[in-house]
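Novice: What follows is a structure written as structure tokens; I'll ask about it next.
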Amino acid sequence: METALRQTPEKRQVFFLTILLLWGEAGSETIRYSMPEETESGYLVANLEKDLRLRVGELATRGAQIHYKGNKELLQLDTETGNLLLKEKLDREELCGVTEPCLLHFQLILENPVQFFQTDLQLTDINDHSPEFPHKEMLLKIPESAQPGTVFPLKAAQDSDIGNNAVQNYTVSSNLHFHVVTLSRADGRKYPELVLDRALDREEQPELTLTLTAVDGGSPPRSGTTTVRIEVVDINDNAPQFVQSLYEVQVPENSPVDALVLTVSAMDLDAGIHGNVVYSLFQGGGASQPFAIHGVTGEIRLSKELDFEVTNHYNIEIAATDGGGFSGKCNVAVQVLDVNDNAPELTIRKLTSPIPENSLETVVAVFSVSDPDSGDNGRVVCSIQNDLPFLLKPTFKNYYTLVTEGPLDRESRAEYNITITVTDLGTPRLTAQHTITVQVSDVNDNAPAFTQTSYTLFVQENNSPALHIGTISATDSDSGSNAHITYSLLPTHDPQLALSSLISINAL
Ligand SMILES: *[C@@H]1O[C@H](CO)[C@@H](O)[C@H](O)[C@H]1NC(C)=O
Ligand SMILES: *[C@@H]1O[C@H](CO)[C@@H](O)[C@H](O)[C@H]1NC(C)=O
């Protein structure tokens, strides 16, 4: 999400800019903790009171709260002790996929005054996945005329761990004809190729079976195997060749299932059955694979909708196989384009209501906004109604505070409904709104006032005691006990006139 800061005169708007690359340079202290994934829940990650050099009990008295995006509670803060505990076991592969380092960003919010701290938790990878080949067996057809040094592509094993815990090396069971080499793709992942060392002779051995092993670099290392079955054929055939070895294409996310992504094409110099090529996904289609290829036309279509927010690019390998069983390979790099398909989200983190009247600038609410889209689709602007005595202030990254513009007067308005509107700058613009009700609490700032400045009451002489002479009345515009009025008579200036022995007033 990106936001920008700007003021426009006609509307009370606040733009707030955060560039993901500058995350962590927002002028506030960032502390980073690191722990291995899959650590048991209840693990003590840190003591924030100590690490942030706060006073004993300050986290509790300042209402400390810890937040993670999406309001998921991964960590639990014990404000009494300052201990930050792991709430549940965290799986690095689920939270970060292939992103490395795997950093989870938490914000600690304190109030009185409002203060933010950034806490990043880095999850380190443990070797909890073994390499796995897409199929139990691979079939390769190799002409007996193939020259030593000829290279044959092999399917790679998948390992959801990263770095050293991912596949590092491929080996093949010992044999007289082949060895395997391990190569690195642009993204660092390793793939195997089979190299012919010694010419094959179909009459001597028409078929070979090898075991291909993928080993990761964990300690201890984990491995996975597959069988490579090689059929030696005696036709002198040409393998199909793609027109391009690399295709690059861009696809907007949310394109409908079955939308055409690209058409690949391979040529085969042989005529007839050996010249007809059939296209397929080299690594095979998996549940996570959102592409399908038409065997005859080479059209690659979506088999699932793409979500830019989950995966923004794919590398697919396509095989073209001819009737003789020979194949060629090409790569397709698919870049997913962002579409403004996520409305901004607003989360109220703290709300103080009622707020006392007559106070200077008071923090009413702390809220965060987010929009997972990228570029303008993820840039947001926040506003509230124009005619309210409140201001929005960008505070920390994607956090805002709503503050009073100045002292409020409960006697003129005791309740405000404030609608916060968050709009992104994508096309079409998407909006989220949240209305908060803020009550203003009373301070005893109004003296009682009589309905008249003077009352003239008449009383006949020789009356009997307890005669009701008349009623006077005062009102108080405060509320509750601040408006509760009691009446009393003040002593007169003339000491001769013992008024209190002659007249009394009912206090209520
Ligand atoms: C891969 O494994 C082979 C056989 O065990 C070994 O000789 C080779 O050094 C390994 N290569 C790497 C890069 O670990
Ligand atoms: C605020 O909204 C509530 C609920 O919609 C409504 O009952 C109340 O009258 C509103 N208050 C003001 C001051 O508009």
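Chain identifiers are assigned as A, B, and so on, following the order in which chains appear in the structure tokens; residues are numbered from 1 within each chain, and ligands are numbered from 1 in order of appearance.
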Please return as number ranges by chain: the residues of segment 51-273 of chain A that backbone DSSP assigns to helix (DSSP H, G or I).
Specialist: A: 51, 58-61, 69-71, 92-96, 163-165, 272-273
Novice: Taking only C-alpha atoms and all ligand atoms into account, produce a table as CSV in which each residue of chain A with an atom at most 8 Å from an atom of ligand 1 appears once, together with its shortest atom pair and the distance in Å to one decimal, ordered by chain and rising number.
Specialist:
```
residue,atom,partner,partner_atom_place_in_ligand_line,distance
A:Gln168,CA,ligand 1,14 (O),6.5
A:Asn169,CA,ligand 1,1 (C),4.9
A:Tyr170,CA,ligand 1,1 (C),6.3
A:Thr171,CA,ligand 1,2 (O),5.9
A:Thr182,CA,ligand 1,13 (C),7.7
```
Novice: Enumerate as an NGL selection string the residues within 7 Å of ligand 2, counting only C-alpha atoms and all ligand atoms.
Specialist: :A and (415-417 or 437)
Novice: Taking 4 positions as the minimum chain separation for residues in the same chain, which residues sit within 12 Å of Glu411 of chain A when counting only C-alpha atoms? Answer as a list in words.
Specialist: Pro356, Glu357, Asn358, Glu415, Gln439, Val440, Ser441, Asp442, Val443, Asn444, Asp445, Asn446, Asp476, Ser477, Asp478, Ser479, Asn482 and Ala483 of chain A
Novice: If we count only C-alpha atoms and set the cut-off at 7 Å, which residues sit around Gln433 of chain A, ignoring sequence neighbours fewer than 5 positions away in its own chain? Please answer as a PDB file with N, CA, C and O atoms, in the first residue's frame.
Specialist:
```
ATOM      1  N   THR A 419     -17.745  10.633  10.105  1.00  0.00           N
ATOM      2  CA  THR A 419     -17.588   9.601   9.072  1.00  0.00           C
ATOM      3  C   THR A 419     -16.213   9.752   8.436  1.00  0.00           C
ATOM      4  O   THR A 419     -15.895  10.788   7.854  1.00  0.00           O
ATOM      5  N   ILE A 420     -15.408   8.719   8.591  1.00  0.00           N
ATOM      6  CA  ILE A 420     -14.077   8.724   7.990  1.00  0.00           C
ATOM      7  C   ILE A 420     -14.204   8.016   6.646  1.00  0.00           C
ATOM      8  O   ILE A 420     -14.729   6.907   6.570  1.00  0.00           O
ATOM      9  N   THR A 421     -13.761   8.687   5.600  1.00  0.00           N
ATOM     10  CA  THR A 421     -13.845   8.113   4.252  1.00  0.00           C
ATOM     11  C   THR A 421     -12.434   7.856   3.750  1.00  0.00           C
ATOM     12  O   THR A 421     -11.586   8.745   3.799  1.00  0.00           O
ATOM     13  N   VAL A 422     -12.174   6.647   3.312  1.00  0.00           N
ATOM     14  CA  VAL A 422     -10.868   6.308   2.739  1.00  0.00           C
ATOM     15  C   VAL A 422     -11.104   5.916   1.289  1.00  0.00           C
ATOM     16  O   VAL A 422     -11.925   5.051   1.006  1.00  0.00           O
TER      17      VAL A 422
END
```
Novice: Nearest residue to Pro131 of chain A out of A:Ala146, A:Val332, A:Leu196, A:Val215, using only C-alpha atoms?
Specialist: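 Once distances to Pro131 of chain A are computed over only C-alpha atoms, the minimum belongs to A:Val215.
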Novice: Could you pull the residues within 9 Å of Leu200 of chain A, counting only C-alpha atoms, minus those fewer than 4 positions along the same chain, as a list of chain:residue names?
Specialist: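 My list of contacting residues is A:Ile142, A:Pro143, A:Glu144, A:Ser145, A:Ala146, A:Gln147, A:Pro148, A:His177, A:Leu196, A:Glu204, A:Gln205, A:Pro206, A:Val232.
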Novice: From the list A:Glu132, A:Glu137, A:Glu29, A:Glu361, which residue is nearest Ala214 of chain A when using only C-alpha atoms?
Specialist: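 Of all the options, A:Glu132 lies closest to Ala214 of chain A.
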Novice: Applying 10 Å and only C-alpha atoms, which residues near Ala466 of chain A remain after dropping the ones on its own chain fewer than 5 positions away? List them as number ranges by chain.
Specialist: A: 502-504
Novice: Work out how far apart atom CA of Leu269 of chain A and atom CA of Gly295 of chain A are and give it in Å to one decimal.
Specialist: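 Between atom CA of Leu269 of chain A and atom CA of Gly295 of chain A the gap is 18.5 Å.
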Novice: Closest to Gly63 of chain A among A:Glu94, A:Asp161, A:Leu281, A:Thr79, using only C-alpha atoms?
Specialist: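 Closest candidate: A:Thr79.
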Novice: For Ala333 of chain A, which residue among A:Val296, A:Val249, A:Val363, A:Leu212 is the nearest when counting only C-alpha atoms?
Specialist: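 Closest residue, counting only C-alpha atoms: A:Val249.
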Novice: Could you name the residues that touch segment 448-463 of chain A at 10 Å or less, counting only C-alpha atoms, but leaving out those on the same chain fewer than 4 positions away, as a list in words?
Specialist: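 Selected residues are Leu467, His468, Ile469, Gly470, Thr471, Ile472, Ser473, Ala474, Thr475, Asp476, Ser477, Asp478, Asn482, Ala483, His484, Ile485 and Thr486 of chain A.
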Novice: Take the residues that were just selected and, keeping N, CA, C and O atoms, output them as a PDB file, in the first residue's frame.
Specialist:
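Here's the written file out_0.pdb:
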```
ATOM      1  N   LEU A 467     -46.444  29.507  55.537  1.00  0.00           N
ATOM      2  CA  LEU A 467     -47.194  30.002  54.379  1.00  0.00           C
ATOM      3  C   LEU A 467     -46.267  30.012  53.157  1.00  0.00           C
ATOM      4  O   LEU A 467     -45.128  30.444  53.236  1.00  0.00           O
ATOM      5  N   HIS A 468     -46.756  29.498  52.052  1.00  0.00           N
ATOM      6  CA  HIS A 468     -45.979  29.520  50.806  1.00  0.00           C
ATOM      7  C   HIS A 468     -46.032  30.905  50.220  1.00  0.00           C
ATOM      8  O   HIS A 468     -47.107  31.411  49.892  1.00  0.00           O
ATOM      9  N   ILE A 469     -44.902  31.570  50.143  1.00  0.00           N
ATOM     10  CA  ILE A 469     -44.888  32.958  49.685  1.00  0.00           C
ATOM     11  C   ILE A 469     -44.765  33.016  48.168  1.00  0.00           C
ATOM     12  O   ILE A 469     -45.386  33.839  47.516  1.00  0.00           O
ATOM     13  N   GLY A 470     -43.976  32.142  47.648  1.00  0.00           N
ATOM     14  CA  GLY A 470     -43.775  32.189  46.196  1.00  0.00           C
ATOM     15  C   GLY A 470     -42.671  31.230  45.802  1.00  0.00           C
ATOM     16  O   GLY A 470     -42.063  30.578  46.656  1.00  0.00           O
ATOM     17  N   THR A 471     -42.406  31.122  44.487  1.00  0.00           N
ATOM     18  CA  THR A 471     -41.394  30.197  43.983  1.00  0.00           C
ATOM     19  C   THR A 471     -40.411  30.951  43.102  1.00  0.00           C
ATOM     20  O   THR A 471     -40.813  31.780  42.283  1.00  0.00           O
ATOM     21  N   ILE A 472     -39.135  30.665  43.329  1.00  0.00           N
ATOM     22  CA  ILE A 472     -38.113  31.219  42.439  1.00  0.00           C
ATOM     23  C   ILE A 472     -37.449  30.028  41.768  1.00  0.00           C
ATOM     24  O   ILE A 472     -37.532  28.891  42.251  1.00  0.00           O
ATOM     25  N   SER A 473     -36.790  30.251  40.674  1.00  0.00           N
ATOM     26  CA  SER A 473     -36.234  29.111  39.949  1.00  0.00           C
ATOM     27  C   SER A 473     -34.961  29.494  39.206  1.00  0.00           C
ATOM     28  O   SER A 473     -34.837  30.600  38.670  1.00  0.00           O
ATOM     29  N   ALA A 474     -33.999  28.561  39.231  1.00  0.00           N
ATOM     30  CA  ALA A 474     -32.750  28.755  38.492  1.00  0.00           C
ATOM     31  C   ALA A 474     -32.503  27.519  37.636  1.00  0.00           C
ATOM     32  O   ALA A 474     -32.986  26.438  37.945  1.00  0.00           O
ATOM     33  N   THR A 475     -31.768  27.659  36.567  1.00  0.00           N
ATOM     34  CA  THR A 475     -31.413  26.504  35.710  1.00  0.00           C
ATOM     35  C   THR A 475     -29.897  26.460  35.538  1.00  0.00           C
ATOM     36  O   THR A 475     -29.201  27.452  35.768  1.00  0.00           O
ATOM     37  N   ASP A 476     -29.405  25.266  35.133  1.00  0.00           N
ATOM     38  CA  ASP A 476     -27.959  25.104  34.906  1.00  0.00           C
ATOM     39  C   ASP A 476     -27.809  24.303  33.621  1.00  0.00           C
ATOM     40  O   ASP A 476     -28.398  23.230  33.473  1.00  0.00           O
ATOM     41  N   SER A 477     -27.065  24.835  32.675  1.00  0.00           N
ATOM     42  CA  SER A 477     -26.982  24.152  31.383  1.00  0.00           C
ATOM     43  C   SER A 477     -26.012  22.967  31.375  1.00  0.00           C
ATOM     44  O   SER A 477     -25.914  22.247  30.389  1.00  0.00           O
ATOM     45  N   ASP A 478     -25.279  22.747  32.467  1.00  0.00           N
ATOM     46  CA  ASP A 478     -24.463  21.537  32.540  1.00  0.00           C
ATOM     47  C   ASP A 478     -25.377  20.323  32.686  1.00  0.00           C
ATOM     48  O   ASP A 478     -26.592  20.454  32.701  1.00  0.00           O
ATOM     49  N   ASN A 482     -23.571  18.043  37.694  1.00  0.00           N
ATOM     50  CA  ASN A 482     -23.128  19.423  37.468  1.00  0.00           C
ATOM     51  C   ASN A 482     -24.305  20.375  37.258  1.00  0.00           C
ATOM     52  O   ASN A 482     -24.142  21.593  37.288  1.00  0.00           O
ATOM     53  N   ALA A 483     -25.490  19.813  37.031  1.00  0.00           N
ATOM     54  CA  ALA A 483     -26.658  20.657  36.815  1.00  0.00           C
ATOM     55  C   ALA A 483     -27.611  20.603  38.007  1.00  0.00           C
ATOM     56  O   ALA A 483     -28.690  21.173  37.987  1.00  0.00           O
ATOM     57  N   HIS A 484     -27.203  19.853  39.029  1.00  0.00           N
ATOM     58  CA  HIS A 484     -28.047  19.695  40.206  1.00  0.00           C
ATOM     59  C   HIS A 484     -27.952  20.978  41.039  1.00  0.00           C
ATOM     60  O   HIS A 484     -26.877  21.376  41.454  1.00  0.00           O
ATOM     61  N   ILE A 485     -29.114  21.620  41.279  1.00  0.00           N
ATOM     62  CA  ILE A 485     -29.108  22.945  41.930  1.00  0.00           C
ATOM     63  C   ILE A 485     -29.669  22.838  43.349  1.00  0.00           C
ATOM     64  O   ILE A 485     -30.666  22.138  43.562  1.00  0.00           O
ATOM     65  N   THR A 486     -29.015  23.477  44.306  1.00  0.00           N
ATOM     66  CA  THR A 486     -29.609  23.624  45.642  1.00  0.00           C
ATOM     67  C   THR A 486     -29.747  25.124  45.926  1.00  0.00           C
ATOM     68  O   THR A 486     -28.917  25.926  45.480  1.00  0.00           O
TER      69      THR A 486
END
```
Novice: So, counting only C-alpha atoms, which residue among A:Gln65, A:Gln115, A:Ser481, A:Gln244 is closest to Leu84 of chain A?
Specialist: A:Gln65
Novice: From the options A:Thr311, A:Thr347, A:Asn238, A:Thr150, which residue's atoms come nearest to Ala199 of chain A, counting only C-alpha atoms?
Specialist: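 That would be A:Thr150, the residue with the smallest distance to Ala199 of chain A.
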Novice: So how far away is atom CA of Leu121 of chain A from atom CA of Pro394 of chain A, in Å?
Specialist: 24.4 Å
Novice: Please extract the residues of segment 105-149 of chain A with a backbone DSSP assignment of strand (DSSP E) and present them as a list in words.
Specialist: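 Secondary structure check on segment 105-149 of chain A, strand (DSSP E): His105, Phe106, Gln107, Leu108, Ile109, Leu110, Gln115, Phe116, Phe117, Gln118, Thr119, Asp120, Leu121, Gln122, Leu123, Thr124, Glu137, Met138, Leu139, Leu140, Lys141, Ile142 and Pro143 of chain A.
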Novice: Next, the residues of the selection above should be written as a PDB file, in the first residue's frame with N, CA, C and O atoms.
Specialist:
```pdb
ATOM      1  N   HIS A 105       5.534  -7.494  10.210  1.00  0.00           N
ATOM      2  CA  HIS A 105       5.586  -6.147  10.805  1.00  0.00           C
ATOM      3  C   HIS A 105       4.476  -5.969  11.835  1.00  0.00           C
ATOM      4  O   HIS A 105       3.306  -6.137  11.500  1.00  0.00           O
ATOM      5  N   PHE A 106       4.868  -5.620  13.021  1.00  0.00           N
ATOM      6  CA  PHE A 106       3.903  -5.359  14.093  1.00  0.00           C
ATOM      7  C   PHE A 106       4.034  -3.902  14.518  1.00  0.00           C
ATOM      8  O   PHE A 106       5.119  -3.335  14.454  1.00  0.00           O
ATOM      9  N   GLN A 107       2.919  -3.308  14.949  1.00  0.00           N
ATOM     10  CA  GLN A 107       2.981  -1.959  15.501  1.00  0.00           C
ATOM     11  C   GLN A 107       2.485  -2.004  16.937  1.00  0.00           C
ATOM     12  O   GLN A 107       1.464  -2.617  17.232  1.00  0.00           O
ATOM     13  N   LEU A 108       3.259  -1.358  17.779  1.00  0.00           N
ATOM     14  CA  LEU A 108       2.871  -1.227  19.181  1.00  0.00           C
ATOM     15  C   LEU A 108       2.353   0.191  19.356  1.00  0.00           C
ATOM     16  O   LEU A 108       3.033   1.146  18.979  1.00  0.00           O
ATOM     17  N   ILE A 109       1.134   0.320  19.876  1.00  0.00           N
ATOM     18  CA  ILE A 109       0.550   1.651  20.066  1.00  0.00           C
ATOM     19  C   ILE A 109       0.367   1.914  21.549  1.00  0.00           C
ATOM     20  O   ILE A 109      -0.196   1.093  22.273  1.00  0.00           O
ATOM     21  N   LEU A 110       0.879   3.064  21.986  1.00  0.00           N
ATOM     22  CA  LEU A 110       0.668   3.507  23.366  1.00  0.00           C
ATOM     23  C   LEU A 110      -0.141   4.794  23.302  1.00  0.00           C
ATOM     24  O   LEU A 110      -0.112   5.497  22.308  1.00  0.00           O
ATOM     25  N   GLN A 115       1.871   7.104  20.880  1.00  0.00           N
ATOM     26  CA  GLN A 115       3.239   6.820  20.461  1.00  0.00           C
ATOM     27  C   GLN A 115       3.259   5.450  19.782  1.00  0.00           C
ATOM     28  O   GLN A 115       2.534   4.544  20.191  1.00  0.00           O
ATOM     29  N   PHE A 116       4.037   5.351  18.719  1.00  0.00           N
ATOM     30  CA  PHE A 116       4.101   4.095  17.970  1.00  0.00           C
ATOM     31  C   PHE A 116       5.509   3.520  18.028  1.00  0.00           C
ATOM     32  O   PHE A 116       6.481   4.263  18.001  1.00  0.00           O
ATOM     33  N   PHE A 117       5.572   2.232  18.044  1.00  0.00           N
ATOM     34  CA  PHE A 117       6.858   1.554  17.881  1.00  0.00           C
ATOM     35  C   PHE A 117       6.670   0.474  16.825  1.00  0.00           C
ATOM     36  O   PHE A 117       5.632  -0.187  16.788  1.00  0.00           O
ATOM     37  N   GLN A 118       7.669   0.333  15.992  1.00  0.00           N
ATOM     38  CA  GLN A 118       7.629  -0.714  14.978  1.00  0.00           C
ATOM     39  C   GLN A 118       8.402  -1.918  15.499  1.00  0.00           C
ATOM     40  O   GLN A 118       9.524  -1.775  15.982  1.00  0.00           O
ATOM     41  N   THR A 119       7.776  -3.064  15.425  1.00  0.00           N
ATOM     42  CA  THR A 119       8.428  -4.297  15.858  1.00  0.00           C
ATOM     43  C   THR A 119       8.374  -5.278  14.699  1.00  0.00           C
ATOM     44  O   THR A 119       7.290  -5.603  14.229  1.00  0.00           O
ATOM     45  N   ASP A 120       9.524  -5.690  14.223  1.00  0.00           N
ATOM     46  CA  ASP A 120       9.554  -6.648  13.120  1.00  0.00           C
ATOM     47  C   ASP A 120      10.024  -7.993  13.639  1.00  0.00           C
ATOM     48  O   ASP A 120      10.992  -8.074  14.389  1.00  0.00           O
ATOM     49  N   LEU A 121       9.309  -9.005  13.225  1.00  0.00           N
ATOM     50  CA  LEU A 121       9.699 -10.359  13.614  1.00  0.00           C
ATOM     51  C   LEU A 121      10.148 -11.090  12.357  1.00  0.00           C
ATOM     52  O   LEU A 121       9.380 -11.230  11.404  1.00  0.00           O
ATOM     53  N   GLN A 122      11.391 -11.507  12.361  1.00  0.00           N
ATOM     54  CA  GLN A 122      11.900 -12.253  11.212  1.00  0.00           C
ATOM     55  C   GLN A 122      11.790 -13.745  11.495  1.00  0.00           C
ATOM     56  O   GLN A 122      12.265 -14.230  12.522  1.00  0.00           O
ATOM     57  N   LEU A 123      11.139 -14.454  10.585  1.00  0.00           N
ATOM     58  CA  LEU A 123      11.034 -15.906  10.730  1.00  0.00           C
ATOM     59  C   LEU A 123      12.117 -16.540   9.885  1.00  0.00           C
ATOM     60  O   LEU A 123      12.189 -16.300   8.677  1.00  0.00           O
ATOM     61  N   THR A 124      12.948 -17.333  10.501  1.00  0.00           N
ATOM     62  CA  THR A 124      13.983 -17.998   9.724  1.00  0.00           C
ATOM     63  C   THR A 124      13.488 -19.382   9.337  1.00  0.00           C
ATOM     64  O   THR A 124      12.675 -19.990  10.031  1.00  0.00           O
ATOM     65  N   GLU A 137       7.801 -41.029 -12.191  1.00  0.00           N
ATOM     66  CA  GLU A 137       8.641 -41.522 -13.284  1.00  0.00           C
ATOM     67  C   GLU A 137       8.683 -40.509 -14.424  1.00  0.00           C
ATOM     68  O   GLU A 137       7.707 -39.836 -14.692  1.00  0.00           O
ATOM     69  N   MET A 138       9.861 -40.408 -15.051  1.00  0.00           N
ATOM     70  CA  MET A 138       9.985 -39.572 -16.256  1.00  0.00           C
ATOM     71  C   MET A 138      10.426 -40.489 -17.385  1.00  0.00           C
ATOM     72  O   MET A 138      11.261 -41.368 -17.174  1.00  0.00           O
ATOM     73  N   LEU A 139       9.854 -40.275 -18.571  1.00  0.00           N
ATOM     74  CA  LEU A 139      10.258 -41.085 -19.720  1.00  0.00           C
ATOM     75  C   LEU A 139      11.031 -40.204 -20.690  1.00  0.00           C
ATOM     76  O   LEU A 139      10.602 -39.105 -21.037  1.00  0.00           O
ATOM     77  N   LEU A 140      12.192 -40.692 -21.114  1.00  0.00           N
ATOM     78  CA  LEU A 140      12.997 -39.961 -22.105  1.00  0.00           C
ATOM     79  C   LEU A 140      13.231 -40.891 -23.277  1.00  0.00           C
ATOM     80  O   LEU A 140      13.634 -42.038 -23.087  1.00  0.00           O
ATOM     81  N   LYS A 141      12.993 -40.382 -24.482  1.00  0.00           N
ATOM     82  CA  LYS A 141      13.335 -41.184 -25.666  1.00  0.00           C
ATOM     83  C   LYS A 141      14.593 -40.567 -26.257  1.00  0.00           C
ATOM     84  O   LYS A 141      14.628 -39.362 -26.515  1.00  0.00           O
ATOM     85  N   ILE A 142      15.609 -41.404 -26.442  1.00  0.00           N
ATOM     86  CA  ILE A 142      16.875 -40.880 -26.937  1.00  0.00           C
ATOM     87  C   ILE A 142      17.298 -41.706 -28.158  1.00  0.00           C
ATOM     88  O   ILE A 142      17.317 -42.938 -28.093  1.00  0.00           O
ATOM     89  N   PRO A 143      17.593 -41.031 -29.253  1.00  0.00           N
ATOM     90  CA  PRO A 143      18.027 -41.791 -30.424  1.00  0.00           C
ATOM     91  C   PRO A 143      19.412 -42.396 -30.198  1.00  0.00           C
ATOM     92  O   PRO A 143      20.255 -41.767 -29.560  1.00  0.00           O
TER      93      PRO A 143
END
```
Novice: State, in Å with one decimal place, the distance from atom CA of Leu351 of chain A to atom CA of Ala365 of chain A.
Specialist: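 It comes out at 4.3 Å.
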